[in-house]
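Below is input37.csv, which holds CSV, C-alpha atoms.
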```csv
chain,number,residue,atom,x,y,z
Z,1,MET,CA,0.0,0.0,0.0
Z,2,ILE,CA,2.8,2.4,0.8
Z,3,LEU,CA,4.6,1.7,-2.5
Z,4,ILE,CA,1.3,2.4,-4.4
Z,5,THR,CA,0.9,5.7,-2.5
Z,6,LEU,CA,4.5,6.6,-3.4
Z,7,GLU,CA,3.8,5.8,-7.0
Z,8,HIS,CA,0.8,8.1,-7.1
Z,9,ILE,CA,2.7,10.9,-5.4
Z,10,SER,CA,5.6,10.5,-7.9
Z,11,ALA,CA,3.1,10.5,-10.8
Z,12,HIS,CA,1.5,13.8,-9.7
Z,13,VAL,CA,4.7,15.5,-8.8
Z,14,SER,CA,6.5,14.5,-12.0
Z,15,PHE,CA,3.5,15.7,-14.1
Z,16,SER,CA,3.4,19.0,-12.3
Z,17,LEU,CA,7.1,19.5,-12.9
Z,18,ILE,CA,7.1,18.6,-16.5
Z,19,SER,CA,4.2,20.9,-17.2
Z,20,VAL,CA,6.1,23.8,-15.6
Z,21,VAL,CA,9.3,22.9,-17.5
Z,22,THR,CA,7.4,22.8,-20.8
Z,23,VAL,CA,6.1,26.4,-20.2
Z,24,ILE,CA,9.7,27.5,-19.3
Z,25,TYR,CA,11.2,26.1,-22.4
Z,26,TRP,CA,8.5,27.6,-24.7
Z,27,VAL,CA,8.9,31.0,-23.0
Z,28,THR,CA,12.7,30.7,-23.3
Z,29,LEU,CA,12.5,29.8,-27.0
Z,30,VAL,CA,10.0,32.6,-27.9
Z,31,TYR,CA,11.3,35.4,-25.7
Z,32,GLN,CA,15.0,34.3,-25.4
Z,33,ILE,CA,15.1,34.7,-21.6
Z,34,GLU,CA,18.5,33.1,-20.9
Z,35,ALA,CA,17.9,32.9,-17.1
Z,36,LEU,CA,15.1,30.5,-17.5
Z,37,SER,CA,17.1,28.0,-19.6
Z,38,SER,CA,19.1,26.6,-16.7
Z,39,SER,CA,15.9,26.4,-14.6
Z,40,GLY,CA,14.4,24.2,-17.4
Z,41,GLY,CA,17.4,21.9,-17.3
Z,42,LYS,CA,17.2,21.4,-13.6
Z,43,GLY,CA,13.4,20.8,-13.9
Z,44,MET,CA,14.0,18.1,-16.5
Z,45,ILE,CA,16.5,16.4,-14.1
Z,46,ALA,CA,14.0,16.5,-11.3
Z,47,THR,CA,11.2,15.2,-13.6
Z,48,PHE,CA,13.5,12.4,-14.7
Z,49,GLY,CA,14.2,11.5,-11.0
Z,50,CYS,CA,10.5,11.4,-10.2
Z,51,ILE,CA,9.5,9.2,-13.1
Z,52,THR,CA,12.5,6.9,-12.4
Z,53,GLY,CA,11.2,6.6,-8.8
Z,54,LEU,CA,7.7,5.9,-10.1
Z,55,LEU,CA,8.9,3.1,-12.4
Z,56,VAL,CA,11.2,1.6,-9.7
Z,57,THR,CA,8.4,1.6,-7.2
Z,58,ARG,CA,5.9,0.0,-9.6
Z,59,SER,CA,8.5,-2.6,-10.4
Z,60,LEU,CA,9.0,-3.5,-6.7
Z,61,TYR,CA,5.4,-4.1,-5.9
Z,62,SER,CA,4.4,-5.7,-9.2
Z,63,GLY,CA,7.4,-8.1,-9.3
Z,64,HIS,CA,8.2,-7.4,-13.0
Z,65,LEU,CA,9.5,-4.6,-15.2
Z,66,PRO,CA,6.9,-1.9,-15.8
Z,67,LEU,CA,6.6,-2.5,-19.5
Z,68,SER,CA,3.6,-4.7,-19.8
Z,69,ASN,CA,0.6,-2.4,-20.6
Z,70,LEU,CA,-0.3,0.9,-22.2
Z,71,TYR,CA,0.1,3.0,-19.0
Z,72,GLU,CA,3.5,1.7,-18.3
Z,73,SER,CA,4.7,2.1,-21.9
Z,74,PHE,CA,3.6,5.7,-22.0
Z,75,MET,CA,5.3,6.4,-18.7
Z,76,PHE,CA,8.4,4.8,-20.1
Z,77,LEU,CA,8.2,7.1,-23.2
Z,78,SER,CA,8.0,10.1,-20.9
Z,79,TRP,CA,11.0,8.9,-19.0
Z,80,SER,CA,12.9,8.3,-22.2
Z,81,SER,CA,12.1,11.8,-23.5
Z,82,SER,CA,13.6,13.2,-20.2
Z,83,LEU,CA,16.6,11.0,-20.6
Z,84,ILE,CA,17.3,12.1,-24.2
Z,85,HIS,CA,17.1,15.8,-23.1
Z,86,ILE,CA,19.6,15.3,-20.2
Z,87,LEU,CA,22.1,13.3,-22.4
Z,88,ILE,CA,22.1,16.1,-25.0
Z,89,GLU,CA,22.3,18.8,-22.4
Z,90,VAL,CA,25.3,17.1,-20.8
Z,91,ARG,CA,27.2,17.5,-24.1
Z,92,GLY,CA,27.0,21.2,-23.6
Z,93,GLN,CA,24.5,21.9,-26.5
Z,94,ASP,CA,22.0,24.7,-26.6
Z,95,THR,CA,18.8,22.9,-25.4
Z,96,ARG,CA,16.2,25.7,-25.7
Z,97,TRP,CA,14.8,24.4,-28.9
Z,98,LEU,CA,15.3,20.8,-27.8
Z,99,GLY,CA,13.5,21.4,-24.5
Z,100,ALA,CA,10.5,22.7,-26.4
Z,101,ILE,CA,10.4,19.3,-28.1
Z,102,THR,CA,11.4,16.8,-25.4
Z,103,ALA,CA,9.5,18.5,-22.6
Z,104,THR,CA,6.4,18.8,-24.6
Z,105,SER,CA,6.7,15.1,-25.6
Z,106,ALA,CA,7.2,14.0,-22.0
Z,107,MET,CA,4.3,16.1,-20.8
Z,108,LEU,CA,1.9,14.8,-23.4
Z,109,THR,CA,2.7,11.2,-23.0
Z,110,HIS,CA,2.7,11.6,-19.2
Z,111,GLY,CA,-0.6,13.4,-19.2
Z,112,PHE,CA,-2.2,10.8,-21.5
Z,113,ALA,CA,-1.1,8.0,-19.2
Z,114,THR,CA,-2.2,9.6,-15.9
Z,115,LEU,CA,-5.2,11.6,-17.0
Z,116,GLY,CA,-6.4,10.0,-20.3
Z,117,LEU,CA,-6.4,6.3,-19.3
Z,118,PRO,CA,-9.0,4.9,-16.9
Z,119,ASP,CA,-7.9,3.8,-13.5
Z,120,LYS,CA,-8.4,0.1,-14.4
Z,121,MET,CA,-5.8,0.4,-17.2
Z,122,GLN,CA,-3.3,2.1,-14.9
Z,123,GLN,CA,-3.3,-0.8,-12.4
Z,124,SER,CA,-0.5,-3.3,-12.5
Z,125,ALA,CA,-1.4,-6.9,-13.2
Z,126,MET,CA,0.2,-10.3,-13.5
Z,127,LEU,CA,2.2,-10.8,-16.7
Z,128,VAL,CA,0.5,-13.0,-19.3
Z,129,PRO,CA,2.5,-16.1,-20.1
Z,130,ALA,CA,3.8,-14.8,-23.4
Z,131,LEU,CA,5.5,-11.9,-21.5
Z,132,GLN,CA,7.1,-14.0,-18.8
Z,133,SER,CA,10.4,-14.1,-20.4
Z,134,HIS,CA,13.9,-12.6,-20.0
Z,135,TRP,CA,13.4,-11.1,-23.4
Z,136,LEU,CA,10.8,-8.6,-22.0
Z,137,MET,CA,13.5,-6.1,-20.9
Z,138,MET,CA,15.6,-6.4,-24.0
Z,139,HIS,CA,12.9,-6.3,-26.6
Z,140,VAL,CA,10.3,-3.9,-25.2
Z,141,SER,CA,12.8,-1.4,-23.7
Z,142,MET,CA,14.7,-1.2,-27.0
Z,143,ILE,CA,11.5,-0.7,-29.0
Z,144,LEU,CA,10.2,2.0,-26.7
Z,145,LEU,CA,13.5,3.8,-26.6
Z,146,SER,CA,13.7,3.7,-30.4
Z,147,TYR,CA,10.1,5.1,-30.6
Z,148,THR,CA,11.1,8.0,-28.3
Z,149,THR,CA,14.3,8.9,-30.2
Z,150,LEU,CA,12.6,8.5,-33.6
Z,151,LEU,CA,9.7,10.7,-32.6
Z,152,CYS,CA,12.0,13.4,-31.2
Z,153,GLY,CA,14.1,13.3,-34.4
Z,154,SER,CA,10.9,13.5,-36.6
Z,155,LEU,CA,9.5,16.4,-34.5
Z,156,SER,CA,12.8,18.2,-35.1
Z,157,SER,CA,12.4,17.7,-38.8
Z,158,ILE,CA,8.8,18.9,-38.7
Z,159,ALA,CA,10.0,22.0,-36.8
Z,160,TYR,CA,12.7,22.5,-39.5
Z,161,LEU,CA,10.1,22.4,-42.3
Z,162,ILE,CA,7.9,24.9,-40.5
Z,163,ILE,CA,10.7,27.4,-39.9
Z,164,THR,CA,12.2,27.0,-43.4
Z,165,SER,CA,8.8,27.6,-44.9
Z,166,GLN,CA,8.6,30.9,-43.0
Z,167,ILE,CA,12.0,31.9,-44.3
Z,168,ASN,CA,11.1,31.0,-47.9
Z,169,ARG,CA,8.0,33.0,-47.6
Z,170,LYS,CA,10.0,36.1,-46.5
Z,171,ILE,CA,12.4,35.6,-49.5
Z,172,VAL,CA,9.4,35.4,-51.9
Z,173,LEU,CA,7.8,38.6,-50.5
Z,174,ILE,CA,11.1,40.5,-50.7
Z,175,ALA,CA,11.7,39.3,-54.2
Z,176,ASN,CA,8.2,40.2,-55.3
Z,177,ASN,CA,8.5,43.7,-53.8
Z,178,TYR,CA,11.8,44.2,-55.6
Z,179,PHE,CA,10.4,43.2,-59.0
Z,180,LEU,CA,7.3,45.3,-58.6
Z,181,ARG,CA,9.4,48.3,-57.8
Z,182,SER,CA,11.7,47.6,-60.8
Z,183,LEU,CA,8.7,47.5,-63.1
Z,184,PHE,CA,7.1,50.8,-62.0
Z,185,THR,CA,10.3,52.8,-61.7
Z,186,ASN,CA,12.2,54.3,-64.6
Z,187,LYS,CA,15.8,53.4,-63.9
Z,188,ASN,CA,18.7,52.3,-66.0
Z,189,ARG,CA,20.3,48.9,-65.9
Z,190,TYR,CA,23.1,50.0,-63.7
Z,191,SER,CA,20.7,51.3,-61.1
Z,192,HIS,CA,18.7,48.0,-61.2
Z,193,ASP,CA,21.9,45.9,-60.7
Z,194,LYS,CA,23.0,48.2,-57.9
Z,195,GLU,CA,19.6,47.9,-56.2
Z,196,LYS,CA,19.7,44.2,-56.6
Z,197,LYS,CA,23.1,44.0,-55.0
Z,198,HIS,CA,22.0,46.2,-52.1
Z,199,LEU,CA,19.0,43.9,-51.7
Z,200,GLN,CA,21.2,40.9,-51.4
Z,201,ASP,CA,23.6,42.6,-49.0
Z,202,ALA,CA,20.7,43.9,-46.9
Z,203,PHE,CA,18.6,40.7,-46.7
Z,204,TYR,CA,20.3,37.4,-47.7
Z,205,PHE,CA,23.5,37.9,-45.6
Z,206,PRO,CA,21.7,38.8,-42.4
Z,207,LEU,CA,19.3,35.9,-43.1
Z,208,MET,CA,22.2,33.4,-43.2
Z,209,ASN,CA,23.4,34.7,-39.8
Z,210,SER,CA,20.0,35.1,-38.3
Z,211,ARG,CA,18.7,33.2,-35.3
Z,212,GLN,CA,16.2,31.4,-37.5
Z,213,TYR,CA,18.9,30.1,-39.8
Z,214,GLN,CA,21.0,28.9,-36.9
Z,215,LEU,CA,18.0,27.2,-35.4
Z,216,THR,CA,17.2,25.3,-38.7
Z,217,TYR,CA,20.8,24.1,-38.9
Z,218,GLN,CA,20.7,22.8,-35.3
Z,219,LEU,CA,17.3,21.1,-36.0
Z,220,ASP,CA,18.5,19.4,-39.2
Z,221,HIS,CA,21.8,18.3,-37.5
Z,222,TRP,CA,20.3,16.9,-34.4
Z,223,SER,CA,17.4,15.3,-36.2
Z,224,TYR,CA,19.9,13.3,-38.3
Z,225,ARG,CA,21.9,12.3,-35.2
Z,226,VAL,CA,18.9,11.4,-33.0
Z,227,ILE,CA,17.2,9.4,-35.8
Z,228,GLY,CA,20.5,7.5,-36.4
Z,229,ILE,CA,20.5,6.4,-32.8
Z,230,GLY,CA,16.8,5.6,-32.9
Z,231,PHE,CA,17.2,3.5,-36.0
Z,232,SER,CA,20.0,1.5,-34.3
Z,233,LEU,CA,17.7,0.9,-31.3
Z,234,LEU,CA,14.8,-0.1,-33.5
Z,235,THR,CA,17.0,-2.6,-35.3
Z,236,ILE,CA,18.1,-4.2,-32.0
Z,237,GLY,CA,14.5,-4.3,-30.9
Z,238,VAL,CA,13.2,-5.9,-34.1
Z,239,LEU,CA,16.0,-8.6,-34.0
Z,240,SER,CA,15.5,-9.4,-30.3
Z,241,GLY,CA,11.8,-9.6,-30.9
Z,242,ALA,CA,12.3,-12.1,-33.7
Z,243,VAL,CA,14.4,-14.3,-31.4
Z,244,TRP,CA,11.7,-14.0,-28.7
Z,245,ALA,CA,9.0,-14.8,-31.2
Z,246,ASN,CA,10.8,-17.9,-32.2
Z,247,GLU,CA,11.0,-19.1,-28.6
Z,248,ALA,CA,7.3,-18.2,-27.8
Z,249,TRP,CA,5.5,-19.0,-31.0
Z,250,GLY,CA,8.0,-21.1,-33.0
Z,251,SER,CA,8.5,-18.6,-35.8
Z,252,TYR,CA,10.9,-15.7,-36.2
Z,253,TRP,CA,8.5,-13.8,-38.4
Z,254,SER,CA,4.7,-14.3,-38.8
Z,255,TRP,CA,3.6,-11.0,-40.5
Z,256,ASP,CA,1.7,-10.0,-37.5
Z,257,PRO,CA,0.2,-6.4,-37.9
Z,258,LYS,CA,2.7,-5.1,-35.3
Z,259,GLU,CA,5.6,-6.8,-37.0
Z,260,THR,CA,4.5,-5.6,-40.4
Z,261,TRP,CA,4.3,-1.9,-39.3
Z,262,ALA,CA,7.6,-2.3,-37.4
Z,263,LEU,CA,9.1,-3.3,-40.7
Z,264,ILE,CA,7.5,-0.3,-42.5
Z,265,THR,CA,8.8,2.0,-39.8
Z,266,TRP,CA,12.3,0.5,-40.1
Z,267,THR,CA,12.2,0.9,-43.9
Z,268,ILE,CA,11.1,4.6,-43.8
Z,269,TYR,CA,14.0,5.5,-41.5
Z,270,ALA,CA,16.4,3.4,-43.5
Z,271,ILE,CA,15.4,5.5,-46.6
Z,272,TYR,CA,16.0,8.6,-44.6
Z,273,LEU,CA,19.5,7.6,-43.5
Z,274,HIS,CA,20.3,6.3,-47.0
Z,275,ILE,CA,19.5,9.7,-48.7
Z,276,ARG,CA,21.4,11.5,-45.9
Z,277,ILE,CA,24.5,9.3,-46.0
Z,278,ASN,CA,24.8,8.0,-49.5
Z,279,ARG,CA,23.1,10.7,-51.5
Z,280,GLY,CA,24.3,13.5,-49.4
Z,281,TRP,CA,20.9,15.2,-49.2
Z,282,GLN,CA,20.2,17.7,-46.5
Z,283,GLY,CA,17.4,20.0,-45.7
Z,284,GLU,CA,13.8,19.7,-46.8
Z,285,LYS,CA,13.7,16.4,-48.7
Z,286,PRO,CA,15.1,14.2,-45.9
Z,287,ALA,CA,13.0,16.2,-43.4
Z,288,ILE,CA,9.8,15.3,-45.4
Z,289,VAL,CA,10.8,11.6,-45.1
Z,290,ALA,CA,11.4,12.0,-41.3
Z,291,SER,CA,8.1,13.8,-40.9
Z,292,LEU,CA,6.3,10.9,-42.6
Z,293,GLY,CA,8.1,8.6,-40.1
Z,294,PHE,CA,6.5,10.5,-37.2
Z,295,PHE,CA,3.0,9.3,-38.3
Z,296,ILE,CA,4.2,5.8,-39.1
Z,297,VAL,CA,5.7,5.3,-35.6
Z,298,TRP,CA,2.4,6.3,-34.0
Z,299,ILE,CA,0.5,3.9,-36.3
Z,300,CYS,CA,2.9,1.1,-35.3
Z,301,TYR,CA,2.8,2.0,-31.6
Z,302,LEU,CA,-0.9,2.8,-31.1
Z,303,GLY,CA,-2.8,2.3,-34.3
Z,304,VAL,CA,-2.4,-1.5,-34.5
Z,305,ASP,CA,-3.3,-1.8,-30.8
Z,306,LEU,CA,-6.5,0.2,-31.3
Z,307,LEU,CA,-7.6,-2.6,-33.8
Z,308,GLY,CA,-7.1,-5.2,-31.1
Z,309,ILE,CA,-5.9,-7.8,-33.5
Z,310,GLY,CA,-2.7,-9.8,-33.8
Z,311,LEU,CA,-0.3,-11.5,-31.5
Z,312,HIS,CA,0.8,-8.2,-29.9
Z,313,SER,CA,-2.7,-7.0,-28.8
Z,314,TYR,CA,-2.6,-8.3,-25.2
Z,315,GLY,CA,-2.0,-5.9,-22.3
Z,316,TRP,CA,-2.8,-2.7,-24.2
Z,317,LEU,CA,-6.3,-1.5,-25.1
Z,318,VAL,CA,-9.4,-3.4,-24.0
```
Written as structure tokens, how would this file's structure read?
Amino acid sequence: MILITLEHISAHVSFSLISVVTVIYWVTLVYQIEALSSSGGKGMIATFGCITGLLVTRSLYSGHLPLSNLYESFMFLSWSSSLIHILIEVRGQDTRWLGAITATSAMLTHGFATLGLPDKMQQSAMLVPALQSHWLMMHVSMILLSYTTLLCGSLSSIAYLIITSQINRKIVLIANNYFLRSLFTNKNRYSHDKEKKHLQDAFYFPLMNSRQYQLTYQLDHWSYRVIGIGFSLLTIGVLSGAVWANEAWGSYWSWDPKETWALITWTIYAIYLHIRINRGWQGEKPAIVASLGFFIVWICYLGVDLLGIGLHSYGWLV
């Protein structure tokens, strides 16, 4: 009873903390208040500690790793988002934009688990026979960690597309204004060339050194690196799942809906990494592929379970 009470306290405290941290990072990102950035980092560490305590407490009184139902998996996603943020912050990187992504992800997954799911689904239960295996920790933890990293990387790509579209819109507006002025003013060719040069000096060079450009570079760079890590974790998770499936069901691959969508997810991110590494593409085209992966991951994680079919439908949605 004491452990259950501690779990509930940790859940409420961690959700309150991550909600405040999310607001801090968005305020820091929009208004550039440097003093709040360090507070956000400390808040993420405190949130990570509370969720860790929650998962450990649940593991102690349930007798197994807290990875067996939808509530526990969402809490693990929230924990993983906090962990990713802390690891990148330890490297000394600017985490204002990252915090807006990771803190929001942690808050939404935590909020859905604690506020969106009914109490019955939040209760711990005995493991079904198929989950009573030493492969539970290896397979499920790798899959959920890969989901978190891939989602964070894809969200970075979506943010990159939004910001670059705003920059491109500014370029188009400036260019249109220039051509309209050139049509309705009577100037010689030299004056037009001179005005065009002044336009480039006045707009394009500051744009390349602007905060928006630096932000898009960071988003593109970290999206690539985070997705690379997530793809490796997903590969390990799929391979360990195949071995576990062979032990439990006598077949490495059975084209179960979850397995099929996991393969589709793996293929999408393999295409992303291929065009980044082998084709040398950067910017919008790879970001579009990564953005597509965001929706594929959610279909693989939740969409298949909503249908309630397949070998992986136990322990999630009733």
Q: Would you mind listing what lies within 12 Å of Pro286 in chain Z as number ranges by chain, with only C-alpha atoms counted and same-chain residues fewer than 5 positions away left out?
A: Z: 153-154, 156-158, 160-161, 220-221, 223-224, 227, 268-277, 279-281, 291-293
Store the residues picked out above in a file with C-alpha atoms, as an mmCIF file, in the coordinates of the input.
```cif
data_model
loop_
_atom_site.group_PDB
_atom_site.id
_atom_site.type_symbol
_atom_site.label_atom_id
_atom_site.label_comp_id
_atom_site.auth_asym_id
_atom_site.auth_seq_id
_atom_site.Cartn_x
_atom_site.Cartn_y
_atom_site.Cartn_z
ATOM 1 C CA GLY Z 153 14.100 13.300 -34.400
ATOM 2 C CA SER Z 154 10.900 13.500 -36.600
ATOM 3 C CA SER Z 156 12.800 18.200 -35.100
ATOM 4 C CA SER Z 157 12.400 17.700 -38.800
ATOM 5 C CA ILE Z 158 8.800 18.900 -38.700
ATOM 6 C CA TYR Z 160 12.700 22.500 -39.500
ATOM 7 C CA LEU Z 161 10.100 22.400 -42.300
ATOM 8 C CA ASP Z 220 18.500 19.400 -39.200
ATOM 9 C CA HIS Z 221 21.800 18.300 -37.500
ATOM 10 C CA SER Z 223 17.400 15.300 -36.200
ATOM 11 C CA TYR Z 224 19.900 13.300 -38.300
ATOM 12 C CA ILE Z 227 17.200 9.400 -35.800
ATOM 13 C CA ILE Z 268 11.100 4.600 -43.800
ATOM 14 C CA TYR Z 269 14.000 5.500 -41.500
ATOM 15 C CA ALA Z 270 16.400 3.400 -43.500
ATOM 16 C CA ILE Z 271 15.400 5.500 -46.600
ATOM 17 C CA TYR Z 272 16.000 8.600 -44.600
ATOM 18 C CA LEU Z 273 19.500 7.600 -43.500
ATOM 19 C CA HIS Z 274 20.300 6.300 -47.000
ATOM 20 C CA ILE Z 275 19.500 9.700 -48.700
ATOM 21 C CA ARG Z 276 21.400 11.500 -45.900
ATOM 22 C CA ILE Z 277 24.500 9.300 -46.000
ATOM 23 C CA ARG Z 279 23.100 10.700 -51.500
ATOM 24 C CA GLY Z 280 24.300 13.500 -49.400
ATOM 25 C CA TRP Z 281 20.900 15.200 -49.200
ATOM 26 C CA SER Z 291 8.100 13.800 -40.900
ATOM 27 C CA LEU Z 292 6.300 10.900 -42.600
ATOM 28 C CA GLY Z 293 8.100 8.600 -40.100
#
```
Q. When you draw a straight line from CA of Gly40 in chain Z to CA of Ser16 in chain Z, how long is it in Å?
A.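 Going from CA of Gly40 in chain Z over to CA of Ser16 in chain Z, I get 13.2 Å.
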Q | Selected residue of minimal separation from Ile101 in chain Z among Z:Phe74, Z:Asn69, Z:Phe48, Z:Trp26, counting all atoms listed in the file | A |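 Closest to Ile101 in chain Z, using all atoms listed in the file: Z:Trp26.
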Quick one: which range 93-152 of chain Z residues come within 12 Å of range 230-251 of chain Z, and what is the nearest atom pair for each with the distance in Å to one decimal, counting all atoms listed in the file, rows ordered by chain and ascending number, as CSV?
```
residue,atom,partner,partner_atom,distance
Z:Pro129,CA,Z:Ala248,CA,9.3
Z:Ala130,CA,Z:Ala248,CA,6.6
Z:Leu131,CA,Z:Ala248,CA,9.1
Z:Gln132,CA,Z:Ala248,CA,9.9
Z:Ser133,CA,Z:Trp244,CA,8.4
Z:His134,CA,Z:Trp244,CA,9.1
Z:Trp135,CA,Z:Trp244,CA,6.3
Z:Leu136,CA,Z:Trp244,CA,8.7
Z:Met137,CA,Z:Ser240,CA,10.2
Z:Met138,CA,Z:Ser240,CA,7.0
Z:His139,CA,Z:Gly237,CA,5.0
Z:Val140,CA,Z:Gly237,CA,7.1
Z:Ser141,CA,Z:Gly237,CA,7.9
Z:Met142,CA,Z:Gly237,CA,5.0
Z:Ile143,CA,Z:Gly237,CA,5.1
Z:Leu144,CA,Z:Leu234,CA,8.5
Z:Leu145,CA,Z:Leu233,CA,6.9
Z:Ser146,CA,Z:Gly230,CA,4.4
Z:Tyr147,CA,Z:Gly230,CA,7.1
Z:Thr148,CA,Z:Gly230,CA,7.7
Z:Thr149,CA,Z:Gly230,CA,4.9
Z:Leu150,CA,Z:Gly230,CA,5.2
Z:Leu151,CA,Z:Gly230,CA,8.7
Z:Cys152,CA,Z:Gly230,CA,9.3
```
Q: Enter the distance from CA of His64 in chain Z to CA of Gln123 in chain Z, in Å, rounded to one decimal.
A: 13.3 Å
**Q.** Top pick for closest residue to Met1 in chain Z, considering Z:Ser14, Z:Gln32, Z:Ser62, Z:Ser39 and counting all atoms listed in the file
**A.** Z:Ser62
Q) Could you work out how far CA of Met44 in chain Z lies from CA of Gln122 in chain Z, giving the answer in Å with one decimal? A) 23.6 Å
Q. Between Z:Thr164, Z:Gly53, Z:Ala100, Z:Tyr71, which is the closest to Met121 in chain Z once you count only C-alpha atoms?
A.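 Closest to Met121 in chain Z, using only C-alpha atoms: Z:Tyr71.
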Q. Got a sec: who's within 9 Å of Ile86 in chain Z, counting only C-alpha atoms, leaving out chain neighbours fewer than 3 positions off, as number ranges by chain?
A. Z: 41, 44-45, 48, 81-83, 89-91
**Q.** Among listed residues Z:Leu117, Z:Met75, Z:Val27, Z:Val304, nearest Ser105 in chain Z (using all atoms listed in the file)
**A.** Z:Met75
Q: Identify, on the basis of only C-alpha atoms, every residue whose closest approach to Gly43 in chain Z does not exceed 8 Å; exclude the query and any residue fewer than 3 positions from it along the same chain; express the result as a ChimeraX atom specification.
A: /Z:17-18,21,39-40,46-47
(Q) Ranking Z:Thr22, Z:Thr114, Z:Ser124, Z:Thr216 by minimum distance to Tyr61 in chain Z and counting only C-alpha atoms, which one comes first? (A)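 When distances to Tyr61 in chain Z are compared using only C-alpha atoms, the smallest one comes from Z:Ser124.
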Q | For Ser10 in chain Z, the nearest of the candidates Z:Tyr25, Z:Tyr31, Z:Ile84, Z:His110, counting all atoms listed in the file | A |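 Once distances to Ser10 in chain Z are computed over all atoms listed in the file, the minimum belongs to Z:His110.
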